[in-house]
>>> print(open('query_19.cif').read())   # mmCIF, C-alpha atoms; chains and numbers go by the auth columns
data_input
#
loop_
_atom_site.group_PDB
_atom_site.id
_atom_site.type_symbol
_atom_site.label_atom_id
_atom_site.label_comp_id
_atom_site.label_asym_id
_atom_site.label_seq_id
_atom_site.Cartn_x
_atom_site.Cartn_y
_atom_site.Cartn_z
_atom_site.B_iso_or_equiv
_atom_site.auth_seq_id
_atom_site.auth_asym_id
ATOM 1 C CA MET A 1 26.272 -24.114 16.293 0.00 1 A
ATOM 2 C CA ASP A 2 23.785 -26.448 14.637 0.00 2 A
ATOM 3 C CA ILE A 3 20.041 -25.879 14.780 0.00 3 A
ATOM 4 C CA LYS A 4 18.405 -28.508 16.986 0.00 4 A
ATOM 5 C CA PRO A 5 14.794 -29.673 16.655 0.00 5 A
ATOM 6 C CA THR A 6 14.303 -28.832 20.322 0.00 6 A
ATOM 7 C CA ASP A 7 15.365 -25.191 19.857 0.00 7 A
ATOM 8 C CA SER A 8 12.664 -22.548 20.296 0.00 8 A
ATOM 9 C CA TRP A 9 11.220 -20.904 17.181 0.00 9 A
ATOM 10 C CA ILE A 10 12.965 -17.631 17.943 0.00 10 A
ATOM 11 C CA MET A 11 16.346 -19.360 18.331 0.00 11 A
ATOM 12 C CA LYS A 12 15.805 -21.124 15.010 0.00 12 A
ATOM 13 C CA ALA A 13 14.922 -17.806 13.372 0.00 13 A
ATOM 14 C CA ILE A 14 18.072 -16.160 14.763 0.00 14 A
ATOM 15 C CA LEU A 15 20.345 -18.997 13.660 0.00 15 A
ATOM 16 C CA ASN A 16 18.766 -19.060 10.195 0.00 16 A
ATOM 17 C CA GLN A 17 19.922 -15.463 9.711 0.00 17 A
ATOM 18 C CA ARG A 18 23.579 -16.504 9.661 0.00 18 A
ATOM 19 C CA SER A 19 23.565 -17.139 5.923 0.00 19 A
ATOM 20 C CA GLU A 20 21.889 -13.770 5.286 0.00 20 A
ATOM 21 C CA VAL A 21 24.372 -11.897 7.456 0.00 21 A
ATOM 22 C CA GLN A 22 27.343 -13.454 5.699 0.00 22 A
ATOM 23 C CA ARG A 23 26.059 -12.214 2.333 0.00 23 A
ATOM 24 C CA LEU A 24 26.144 -8.592 3.476 0.00 24 A
ATOM 25 C CA ASN A 25 28.425 -6.254 1.558 0.00 25 A
ATOM 26 C CA GLY A 26 31.590 -5.705 3.556 0.00 26 A
ATOM 27 C CA TRP A 27 31.129 -8.707 5.846 0.00 27 A
ATOM 28 C CA GLU A 28 34.894 -9.295 5.863 0.00 28 A
ATOM 29 C CA ASN A 29 35.422 -5.767 7.171 0.00 29 A
ATOM 30 C CA ILE A 30 32.754 -6.297 9.802 0.00 30 A
ATOM 31 C CA MET A 31 34.533 -9.400 11.068 0.00 31 A
ATOM 32 C CA GLY A 32 37.733 -7.362 11.301 0.00 32 A
ATOM 33 C CA TRP A 33 36.242 -4.760 13.654 0.00 33 A
ATOM 34 C CA HIS A 34 38.074 -4.532 16.965 0.00 34 A
ATOM 35 C CA ASN A 35 34.762 -3.862 18.718 0.00 35 A
ATOM 36 C CA PHE A 36 31.736 -5.511 17.122 0.00 36 A
ATOM 37 C CA ASN A 37 28.971 -2.917 16.602 0.00 37 A
ATOM 38 C CA MET A 38 25.542 -4.529 16.433 0.00 38 A
ATOM 39 C CA SER A 39 23.774 -1.298 15.449 0.00 39 A
ATOM 40 C CA LYS A 40 25.916 -0.993 12.297 0.00 40 A
ATOM 41 C CA VAL A 41 25.148 -4.603 11.356 0.00 41 A
ATOM 42 C CA TYR A 42 21.442 -3.949 11.911 0.00 42 A
ATOM 43 C CA ARG A 43 21.543 -0.898 9.621 0.00 43 A
ATOM 44 C CA LYS A 44 23.284 -2.955 6.950 0.00 44 A
ATOM 45 C CA LEU A 45 20.597 -5.627 7.278 0.00 45 A
ATOM 46 C CA GLN A 46 17.948 -2.951 6.772 0.00 46 A
ATOM 47 C CA ASP A 47 19.610 -1.940 3.513 0.00 47 A
ATOM 48 C CA TYR A 48 19.861 -5.567 2.361 0.00 48 A
ATOM 49 C CA GLY A 49 17.329 -6.670 -0.214 0.00 49 A
ATOM 50 C CA VAL A 50 15.269 -5.165 -2.999 0.00 50 A
ATOM 51 C CA LYS A 51 14.249 -1.531 -2.574 0.00 51 A
ATOM 52 C CA VAL A 52 10.984 -0.283 -4.008 0.00 52 A
ATOM 53 C CA ASP A 53 10.294 3.267 -5.128 0.00 53 A
ATOM 54 C CA TRP A 54 6.804 3.304 -3.602 0.00 54 A
ATOM 55 C CA LYS A 55 7.833 2.685 0.018 0.00 55 A
ATOM 56 C CA ASN A 56 6.784 6.233 1.008 0.00 56 A
ATOM 57 C CA LEU A 57 3.212 5.364 0.056 0.00 57 A
ATOM 58 C CA VAL A 58 2.981 2.782 2.838 0.00 58 A
ATOM 59 C CA TYR A 59 5.553 4.058 5.341 0.00 59 A
ATOM 60 C CA GLY A 60 4.076 6.575 7.778 0.00 60 A
ATOM 61 C CA ASN A 61 0.619 6.297 6.235 0.00 61 A
ATOM 62 C CA ASN A 62 -2.118 7.333 8.681 0.00 62 A
ATOM 63 C CA ALA A 63 -4.763 5.232 6.965 0.00 63 A
ATOM 64 C CA ARG A 64 -6.263 2.199 8.685 0.00 64 A
ATOM 65 C CA PRO A 65 -3.858 -0.767 8.908 0.00 65 A
ATOM 66 C CA ARG A 66 -6.177 -2.869 6.755 0.00 66 A
ATOM 67 C CA ALA A 67 -6.157 -0.118 4.095 0.00 67 A
ATOM 68 C CA CYS A 68 -2.348 0.143 4.225 0.00 68 A
ATOM 69 C CA PHE A 69 -2.099 -3.622 3.814 0.00 69 A
ATOM 70 C CA MET A 70 -4.396 -3.483 0.783 0.00 70 A
ATOM 71 C CA LEU A 71 -2.264 -0.677 -0.665 0.00 71 A
ATOM 72 C CA TRP A 72 0.840 -2.806 -0.075 0.00 72 A
ATOM 73 C CA LEU A 73 -0.748 -5.762 -1.888 0.00 73 A
ATOM 74 C CA THR A 74 -1.769 -3.521 -4.777 0.00 74 A
ATOM 75 C CA CYS A 75 1.744 -2.089 -5.107 0.00 75 A
ATOM 76 C CA HIS A 76 3.051 -5.646 -5.298 0.00 76 A
ATOM 77 C CA GLU A 77 0.254 -6.445 -7.799 0.00 77 A
ATOM 78 C CA LYS A 78 -0.804 -9.421 -5.682 0.00 78 A
ATOM 79 C CA LEU A 79 -4.512 -8.688 -5.354 0.00 79 A
ATOM 80 C CA ALA A 80 -6.715 -11.660 -6.216 0.00 80 A
ATOM 81 C CA THR A 81 -8.190 -10.046 -9.314 0.00 81 A
ATOM 82 C CA LYS A 82 -10.049 -12.250 -11.773 0.00 82 A
ATOM 83 C CA ASP A 83 -7.267 -12.195 -14.366 0.00 83 A
ATOM 84 C CA ARG A 84 -4.829 -13.604 -11.769 0.00 84 A
ATOM 85 C CA LEU A 85 -7.321 -16.191 -10.506 0.00 85 A
ATOM 86 C CA HIS A 86 -7.970 -17.270 -14.096 0.00 86 A
ATOM 87 C CA LYS A 87 -4.221 -17.532 -14.707 0.00 87 A
ATOM 88 C CA PHE A 88 -3.976 -19.990 -11.803 0.00 88 A
ATOM 89 C CA GLY A 89 -6.939 -21.991 -13.160 0.00 89 A
ATOM 90 C CA MET A 90 -9.212 -21.115 -10.242 0.00 90 A
ATOM 91 C CA ILE A 91 -12.052 -19.419 -12.166 0.00 91 A
ATOM 92 C CA ASP A 92 -13.338 -19.203 -15.746 0.00 92 A
ATOM 93 C CA ASN A 93 -15.081 -15.830 -15.656 0.00 93 A
ATOM 94 C CA ARG A 94 -12.726 -12.854 -16.000 0.00 94 A
ATOM 95 C CA ASP A 95 -15.370 -10.145 -16.469 0.00 95 A
ATOM 96 C CA CYS A 96 -15.417 -7.035 -14.307 0.00 96 A
ATOM 97 C CA CYS A 97 -18.355 -6.905 -11.893 0.00 97 A
ATOM 98 C CA PHE A 98 -19.361 -3.458 -13.162 0.00 98 A
ATOM 99 C CA CYS A 99 -18.789 -3.836 -16.914 0.00 99 A
ATOM 100 C CA ALA A 100 -17.902 -6.433 -19.547 0.00 100 A
ATOM 101 C CA GLU A 101 -14.132 -5.798 -19.617 0.00 101 A
ATOM 102 C CA GLU A 102 -11.521 -8.161 -18.177 0.00 102 A
ATOM 103 C CA GLU A 103 -10.859 -7.470 -14.511 0.00 103 A
ATOM 104 C CA SER A 104 -7.249 -6.568 -13.719 0.00 104 A
ATOM 105 C CA ILE A 105 -5.623 -4.104 -11.337 0.00 105 A
ATOM 106 C CA ASN A 106 -5.376 -1.544 -14.134 0.00 106 A
ATOM 107 C CA HIS A 107 -8.994 -1.959 -15.138 0.00 107 A
ATOM 108 C CA LEU A 108 -10.445 -2.369 -11.664 0.00 108 A
ATOM 109 C CA PHE A 109 -9.094 0.844 -10.186 0.00 109 A
ATOM 110 C CA PHE A 110 -8.593 3.214 -13.095 0.00 110 A
ATOM 111 C CA GLU A 111 -10.216 2.031 -16.323 0.00 111 A
ATOM 112 C CA CYS A 112 -13.646 0.909 -15.136 0.00 112 A
ATOM 113 C CA ASN A 113 -15.917 3.953 -15.379 0.00 113 A
ATOM 114 C CA THR A 114 -17.564 3.220 -12.036 0.00 114 A
ATOM 115 C CA MET A 115 -14.230 3.042 -10.226 0.00 115 A
ATOM 116 C CA LYS A 116 -12.680 5.965 -12.101 0.00 116 A
ATOM 117 C CA ARG A 117 -15.613 8.191 -11.148 0.00 117 A
ATOM 118 C CA ILE A 118 -15.013 7.467 -7.465 0.00 118 A
ATOM 119 C CA TRP A 119 -11.272 8.144 -7.800 0.00 119 A
ATOM 120 C CA MET A 120 -11.932 11.478 -9.480 0.00 120 A
ATOM 121 C CA ASN A 121 -14.468 12.505 -6.835 0.00 121 A
ATOM 122 C CA VAL A 122 -11.943 11.804 -4.082 0.00 122 A
ATOM 123 C CA LEU A 123 -9.223 13.697 -5.993 0.00 123 A
ATOM 124 C CA ASN A 124 -11.585 16.636 -6.524 0.00 124 A
ATOM 125 C CA TRP A 125 -12.243 16.752 -2.790 0.00 125 A
ATOM 126 C CA LEU A 126 -8.472 16.879 -2.281 0.00 126 A
ATOM 127 C CA GLN A 127 -8.434 19.789 -4.774 0.00 127 A
ATOM 128 C CA VAL A 128 -6.352 17.735 -7.192 0.00 128 A
ATOM 129 C CA ARG A 129 -7.290 18.016 -10.847 0.00 129 A
ATOM 130 C CA ARG A 130 -6.176 14.777 -12.439 0.00 130 A
ATOM 131 C CA THR A 131 -7.679 12.041 -14.614 0.00 131 A
ATOM 132 C CA PRO A 132 -6.429 8.593 -13.519 0.00 132 A
ATOM 133 C CA HIS A 133 -4.553 6.439 -16.044 0.00 133 A
ATOM 134 C CA ASN A 134 -3.260 2.895 -15.553 0.00 134 A
ATOM 135 C CA TRP A 135 -1.934 1.603 -12.241 0.00 135 A
ATOM 136 C CA HIS A 136 1.775 1.920 -13.104 0.00 136 A
ATOM 137 C CA ILE A 137 1.420 5.595 -14.051 0.00 137 A
ATOM 138 C CA GLU A 138 -0.762 6.357 -11.036 0.00 138 A
ATOM 139 C CA ARG A 139 1.589 4.546 -8.659 0.00 139 A
ATOM 140 C CA GLN A 140 4.485 6.674 -9.917 0.00 140 A
ATOM 141 C CA TRP A 141 2.391 9.815 -9.568 0.00 141 A
ATOM 142 C CA LEU A 142 1.256 8.888 -6.052 0.00 142 A
ATOM 143 C CA THR A 143 4.847 8.074 -5.087 0.00 143 A
ATOM 144 C CA GLN A 144 5.971 11.524 -6.200 0.00 144 A
ATOM 145 C CA GLN A 145 3.078 13.230 -4.422 0.00 145 A
ATOM 146 C CA ALA A 146 3.695 11.276 -1.194 0.00 146 A
ATOM 147 C CA LYS A 147 7.272 12.497 -0.767 0.00 147 A
ATOM 148 C CA GLY A 148 7.902 14.659 2.256 0.00 148 A
ATOM 149 C CA LYS A 149 6.064 15.077 5.546 0.00 149 A
ATOM 150 C CA GLY A 150 3.760 17.922 4.550 0.00 150 A
ATOM 151 C CA PRO A 151 0.003 17.657 5.160 0.00 151 A
ATOM 152 C CA ARG A 152 -0.796 17.450 1.438 0.00 152 A
ATOM 153 C CA ALA A 153 1.513 14.450 0.960 0.00 153 A
ATOM 154 C CA GLN A 154 0.057 12.783 4.059 0.00 154 A
ATOM 155 C CA MET A 155 -3.487 13.373 2.855 0.00 155 A
ATOM 156 C CA ILE A 156 -2.876 12.038 -0.649 0.00 156 A
ATOM 157 C CA LYS A 157 -1.300 8.761 0.436 0.00 157 A
ATOM 158 C CA MET A 158 -3.904 8.273 3.170 0.00 158 A
ATOM 159 C CA ALA A 159 -6.718 8.907 0.688 0.00 159 A
ATOM 160 C CA ALA A 160 -5.096 6.533 -1.826 0.00 160 A
ATOM 161 C CA ALA A 161 -4.973 3.702 0.718 0.00 161 A
ATOM 162 C CA GLU A 162 -8.541 4.227 1.906 0.00 162 A
ATOM 163 C CA THR A 163 -9.865 4.527 -1.663 0.00 163 A
ATOM 164 C CA ILE A 164 -8.182 1.308 -2.793 0.00 164 A
ATOM 165 C CA TYR A 165 -9.539 -0.493 0.270 0.00 165 A
ATOM 166 C CA GLU A 166 -13.106 0.728 -0.177 0.00 166 A
ATOM 167 C CA LEU A 167 -13.087 -0.019 -3.916 0.00 167 A
ATOM 168 C CA TRP A 168 -11.819 -3.527 -3.272 0.00 168 A
ATOM 169 C CA MET A 169 -14.489 -4.124 -0.640 0.00 169 A
ATOM 170 C CA MET A 170 -17.129 -2.802 -3.029 0.00 170 A
ATOM 171 C CA ARG A 171 -15.849 -5.127 -5.739 0.00 171 A
ATOM 172 C CA ASN A 172 -15.986 -8.109 -3.360 0.00 172 A
ATOM 173 C CA ASN A 173 -19.544 -7.321 -2.297 0.00 173 A
ATOM 174 C CA LYS A 174 -20.602 -7.045 -5.933 0.00 174 A
ATOM 175 C CA SER A 175 -18.834 -10.318 -6.809 0.00 175 A
ATOM 176 C CA PHE A 176 -20.689 -12.198 -4.090 0.00 176 A
ATOM 177 C CA GLY A 177 -24.058 -10.772 -5.089 0.00 177 A
ATOM 178 C CA ASN A 178 -24.470 -8.313 -2.222 0.00 178 A
ATOM 179 C CA ASP A 179 -26.129 -4.930 -2.643 0.00 179 A
ATOM 180 C CA VAL A 180 -23.660 -2.140 -3.445 0.00 180 A
ATOM 181 C CA ASP A 181 -24.363 1.554 -2.938 0.00 181 A
ATOM 182 C CA THR A 182 -21.857 3.341 -5.169 0.00 182 A
ATOM 183 C CA THR A 183 -23.260 6.755 -4.209 0.00 183 A
ATOM 184 C CA SER A 184 -22.094 6.531 -0.584 0.00 184 A
ATOM 185 C CA ILE A 185 -18.599 5.160 -1.208 0.00 185 A
ATOM 186 C CA VAL A 186 -16.991 8.591 -1.708 0.00 186 A
ATOM 187 C CA LYS A 187 -18.559 9.892 1.501 0.00 187 A
ATOM 188 C CA ASN A 188 -17.285 6.836 3.391 0.00 188 A
ATOM 189 C CA ILE A 189 -13.746 7.399 2.094 0.00 189 A
ATOM 190 C CA ILE A 190 -13.759 11.112 2.948 0.00 190 A
ATOM 191 C CA ASP A 191 -15.245 10.503 6.404 0.00 191 A
ATOM 192 C CA THR A 192 -12.555 7.911 7.168 0.00 192 A
ATOM 193 C CA VAL A 193 -9.760 10.209 5.964 0.00 193 A
ATOM 194 C CA ILE A 194 -11.100 13.060 8.100 0.00 194 A
ATOM 195 C CA TYR A 195 -11.420 10.830 11.150 0.00 195 A
ATOM 196 C CA ARG A 196 -7.927 9.335 10.751 0.00 196 A
ATOM 197 C CA GLY A 197 -6.247 12.659 10.022 0.00 197 A
ATOM 198 C CA TRP A 198 -7.954 14.840 12.625 0.00 198 A
ATOM 199 C CA GLU A 199 -5.596 13.786 15.450 0.00 199 A
ATOM 200 C CA ASN A 200 -2.633 15.269 13.584 0.00 200 A
ATOM 201 C CA LYS A 201 -2.517 19.062 14.053 0.00 201 A
ATOM 202 C CA LYS A 202 -0.860 19.768 10.699 0.00 202 A
ATOM 203 C CA ILE A 203 -3.264 17.523 8.830 0.00 203 A
ATOM 204 C CA ARG A 204 -6.170 19.003 10.798 0.00 204 A
ATOM 205 C CA ARG A 205 -5.437 22.475 9.437 0.00 205 A
ATOM 206 C CA TYR A 206 -5.276 21.123 5.892 0.00 206 A
ATOM 207 C CA LEU A 207 -8.510 19.198 6.463 0.00 207 A
ATOM 208 C CA ALA A 208 -10.217 22.366 7.666 0.00 208 A
ATOM 209 C CA ILE A 209 -9.327 24.094 4.399 0.00 209 A
ATOM 210 C CA LEU A 210 -10.695 21.168 2.389 0.00 210 A
ATOM 211 C CA MET A 211 -13.886 21.030 4.423 0.00 211 A
ATOM 212 C CA ILE A 212 -14.478 24.759 3.976 0.00 212 A
ATOM 213 C CA GLY A 213 -14.080 24.315 0.219 0.00 213 A
ATOM 214 C CA GLU A 214 -16.691 21.563 0.024 0.00 214 A
#
>>> encode(input="query_19.cif", output="structure tokens")
Amino acid sequence: MDIKPTDSWIMKAILNQRSEVQRLNGWENIMGWHNFNMSKVYRKLQDYGVKVDWKNLVYGNNARPRACFMLWLTCHEKLATKDRLHKFGMIDNRDCCFCAEEESINHLFFECNTMKRIWMNVLNWLQVRRTPHNWHIERQWLTQQAKGKGPRAQMIKMAAAETIYELWMMRNNKSFGNDVDTTSIVKNIIDTVIYRGWENKKIRRYLAILMIGE
């Protein structure tokens, strides 16, 4: 069946999947099934494509959707940092808003002293003793810590998403000349994590322990 210009967008999307389906491993066997099983084809489609090791950081994260999206962008290294904008010829200035170093994902979140201090304060609240390194090392560490469904894993990946979001918003405000209060950013992150995690009974117990230890 050919795709017609008058077809609805959803029909066009379905028909465009034919080429993807035919590239599935074992498609010949699928065509030989006596009874076609759509659920098995769907599961094969889910497995099709590039897998990333950091999927647990985003999947099942209780952080705000906007924070999860920012975490997803950061994992893909697609944030509009100044080094990337300069690479595309969009800006000339590559300096960090808080120091004189070149702004990149590595520098912005973990090398800039202002940002690193916030990260460490959030980690200390989580009772995690760790000094952040570059993004690739921290992403691997966060991925390992986020494995499982325990409250600690849930808290760490939620805090990571909310911290990245708040730091990025703080960076944007500074870039556009707005006033930035770096002293309240940690409190904002912790308050958001507490609010988002309180509905979950398991996380609530873990939060209570953290709040007692403050």
>>> residues_around(input="query_19.cif", residues="A:Asn93", least_positions_apart="3", cutoff="10 Å", atoms="all atoms listed in the file", output="PyMOL selection string")
chain A and resi 82-83+85-86+90+96+102-103
>>> residues_near_point(input="query_19.cif", point="(5.4, 2.5, 5.0)", cutoff="12 Å", atoms="all atoms listed in the file", output="PyMOL selection string")
chain A and resi 52-63+65+67-69+71-72+75+143+146-147+154+157-158+161
>>> resolve_selection(input="query_19.cif", expression="the PyMOL selection byres ((chain A and resi 108-111) around 8)", output="short mmCIF file (atom, residue, chain, number, x, y, z; two decimals) with C-alpha atoms, in the coordinates of the input")
data_model
loop_
_atom_site.label_atom_id
_atom_site.label_comp_id
_atom_site.auth_asym_id
_atom_site.auth_seq_id
_atom_site.Cartn_x
_atom_site.Cartn_y
_atom_site.Cartn_z
CA CYS A 96 -15.42 -7.04 -14.31
CA GLU A 103 -10.86 -7.47 -14.51
CA SER A 104 -7.25 -6.57 -13.72
CA ILE A 105 -5.62 -4.10 -11.34
CA ASN A 106 -5.38 -1.54 -14.13
CA HIS A 107 -8.99 -1.96 -15.14
CA CYS A 112 -13.65 0.91 -15.14
CA ASN A 113 -15.92 3.95 -15.38
CA MET A 115 -14.23 3.04 -10.23
CA LYS A 116 -12.68 5.96 -12.10
CA TRP A 119 -11.27 8.14 -7.80
CA PRO A 132 -6.43 8.59 -13.52
CA HIS A 133 -4.55 6.44 -16.04
CA ASN A 134 -3.26 2.90 -15.55
CA TRP A 135 -1.93 1.60 -12.24
CA ILE A 164 -8.18 1.31 -2.79
CA LEU A 167 -13.09 -0.02 -3.92
#
>>> closest_residue(input="query_19.cif", among="A:Ile156, A:Ile118, A:Ile212, A:Val128", to="A:Lys187", atoms="only C-alpha atoms")
A:Ile118
>>> atom_distance(input="query_19.cif", atom1="atom CA of A:Ile189", atom2="atom CA of A:Thr163")
6.1 Å
>>> residues_around(input="query_19.cif", residues="A:Thr182", least_positions_apart="4", cutoff="9 Å", atoms="all atoms listed in the file", output="VMD selection string")
chain A and resid 114 118 170 186
>>> write_last_selection(input="query_19.cif", atoms="C-alpha atoms", output="mmCIF file, in the frame of the given file")
data_model
loop_
_atom_site.group_PDB
_atom_site.id
_atom_site.type_symbol
_atom_site.label_atom_id
_atom_site.label_comp_id
_atom_site.auth_asym_id
_atom_site.auth_seq_id
_atom_site.Cartn_x
_atom_site.Cartn_y
_atom_site.Cartn_z
ATOM 1 C CA THR A 114 -17.564 3.220 -12.036
ATOM 2 C CA ILE A 118 -15.013 7.467 -7.465
ATOM 3 C CA MET A 170 -17.129 -2.802 -3.029
ATOM 4 C CA VAL A 186 -16.991 8.591 -1.708
#
>>> atom_distance(input="query_19.cif", atom1="atom CA of A:Met155", atom2="atom CA of A:Phe98")
28.1 Å
>>> atom_distance(input="query_19.cif", atom1="atom CA of A:Thr81", atom2="atom CA of A:Trp168")
9.6 Å
>>> resolve_selection(input="query_19.cif", expression="the PyMOL selection byres ((chain A and resi 198) around 12)", output="VMD selection string")
chain A and resid 62 to 63 151 154 to 155 190 to 197 199 to 208 211
>>> build_atoms(input="query_19.cif", residues="stretch 90-98 of chain A", atoms="all heavy atoms", output="compact mmCIF listing (two decimals), keeping the file's coordinate frame")
# COMPACT_ATOMS: atom_id res chain seq x y z
N MET A 90 -8.25 -21.05 -11.34
CA MET A 90 -9.21 -21.12 -10.24
C MET A 90 -10.62 -20.71 -10.67
O MET A 90 -11.60 -21.14 -10.04
CB MET A 90 -8.74 -20.24 -9.09
CG MET A 90 -7.39 -20.64 -8.52
SD MET A 90 -6.80 -19.55 -7.20
CE MET A 90 -7.98 -19.90 -5.91
N ILE A 91 -10.75 -19.86 -11.68
CA ILE A 91 -12.05 -19.42 -12.17
C ILE A 91 -12.03 -19.36 -13.69
O ILE A 91 -10.96 -19.35 -14.31
CB ILE A 91 -12.46 -18.04 -11.60
CG1 ILE A 91 -11.45 -16.97 -12.04
CG2 ILE A 91 -12.59 -18.08 -10.08
CD1 ILE A 91 -11.87 -15.56 -11.69
N ASP A 92 -13.22 -19.33 -14.29
CA ASP A 92 -13.34 -19.20 -15.75
C ASP A 92 -13.75 -17.79 -16.15
O ASP A 92 -13.35 -17.30 -17.21
CB ASP A 92 -14.36 -20.21 -16.29
CG ASP A 92 -13.89 -21.65 -16.10
OD1 ASP A 92 -12.68 -21.89 -16.21
OD2 ASP A 92 -14.74 -22.52 -15.85
N ASN A 93 -14.57 -17.16 -15.33
CA ASN A 93 -15.08 -15.83 -15.66
C ASN A 93 -14.07 -14.75 -15.28
O ASN A 93 -13.66 -14.65 -14.12
CB ASN A 93 -16.40 -15.59 -14.91
CG ASN A 93 -16.99 -14.23 -15.23
OD1 ASN A 93 -16.63 -13.59 -16.21
ND2 ASN A 93 -17.91 -13.79 -14.37
N ARG A 94 -13.69 -13.93 -16.26
CA ARG A 94 -12.73 -12.85 -16.00
C ARG A 94 -13.36 -11.47 -16.12
O ARG A 94 -12.67 -10.46 -16.08
CB ARG A 94 -11.55 -12.96 -16.98
CG ARG A 94 -10.66 -14.15 -16.76
CD ARG A 94 -9.56 -14.21 -17.79
NE ARG A 94 -10.06 -14.57 -19.10
CZ ARG A 94 -9.32 -14.65 -20.22
NH1 ARG A 94 -8.03 -14.35 -20.16
NH2 ARG A 94 -9.86 -15.01 -21.36
N ASP A 95 -14.69 -11.42 -16.24
CA ASP A 95 -15.37 -10.14 -16.47
C ASP A 95 -15.41 -9.30 -15.21
O ASP A 95 -15.59 -9.82 -14.09
CB ASP A 95 -16.80 -10.39 -16.96
CG ASP A 95 -16.82 -11.03 -18.33
OD1 ASP A 95 -15.78 -10.99 -19.02
OD2 ASP A 95 -17.88 -11.59 -18.70
N CYS A 96 -15.27 -8.00 -15.40
CA CYS A 96 -15.42 -7.04 -14.31
C CYS A 96 -16.85 -7.08 -13.79
O CYS A 96 -17.80 -7.31 -14.56
CB CYS A 96 -15.06 -5.64 -14.81
SG CYS A 96 -15.41 -4.31 -13.64
N CYS A 97 -17.02 -6.86 -12.50
CA CYS A 97 -18.36 -6.90 -11.89
C CYS A 97 -19.23 -5.74 -12.33
O CYS A 97 -20.46 -5.81 -12.21
CB CYS A 97 -18.24 -6.88 -10.37
SG CYS A 97 -17.26 -8.21 -9.67
N PHE A 98 -18.62 -4.67 -12.83
CA PHE A 98 -19.36 -3.46 -13.16
C PHE A 98 -19.46 -3.20 -14.66
O PHE A 98 -20.17 -2.29 -15.08
CB PHE A 98 -18.70 -2.25 -12.48
CG PHE A 98 -18.64 -2.38 -10.98
CD1 PHE A 98 -17.50 -2.84 -10.36
CD2 PHE A 98 -19.73 -2.05 -10.20
CE1 PHE A 98 -17.44 -2.96 -8.97
CE2 PHE A 98 -19.68 -2.17 -8.82
CZ PHE A 98 -18.53 -2.62 -8.20
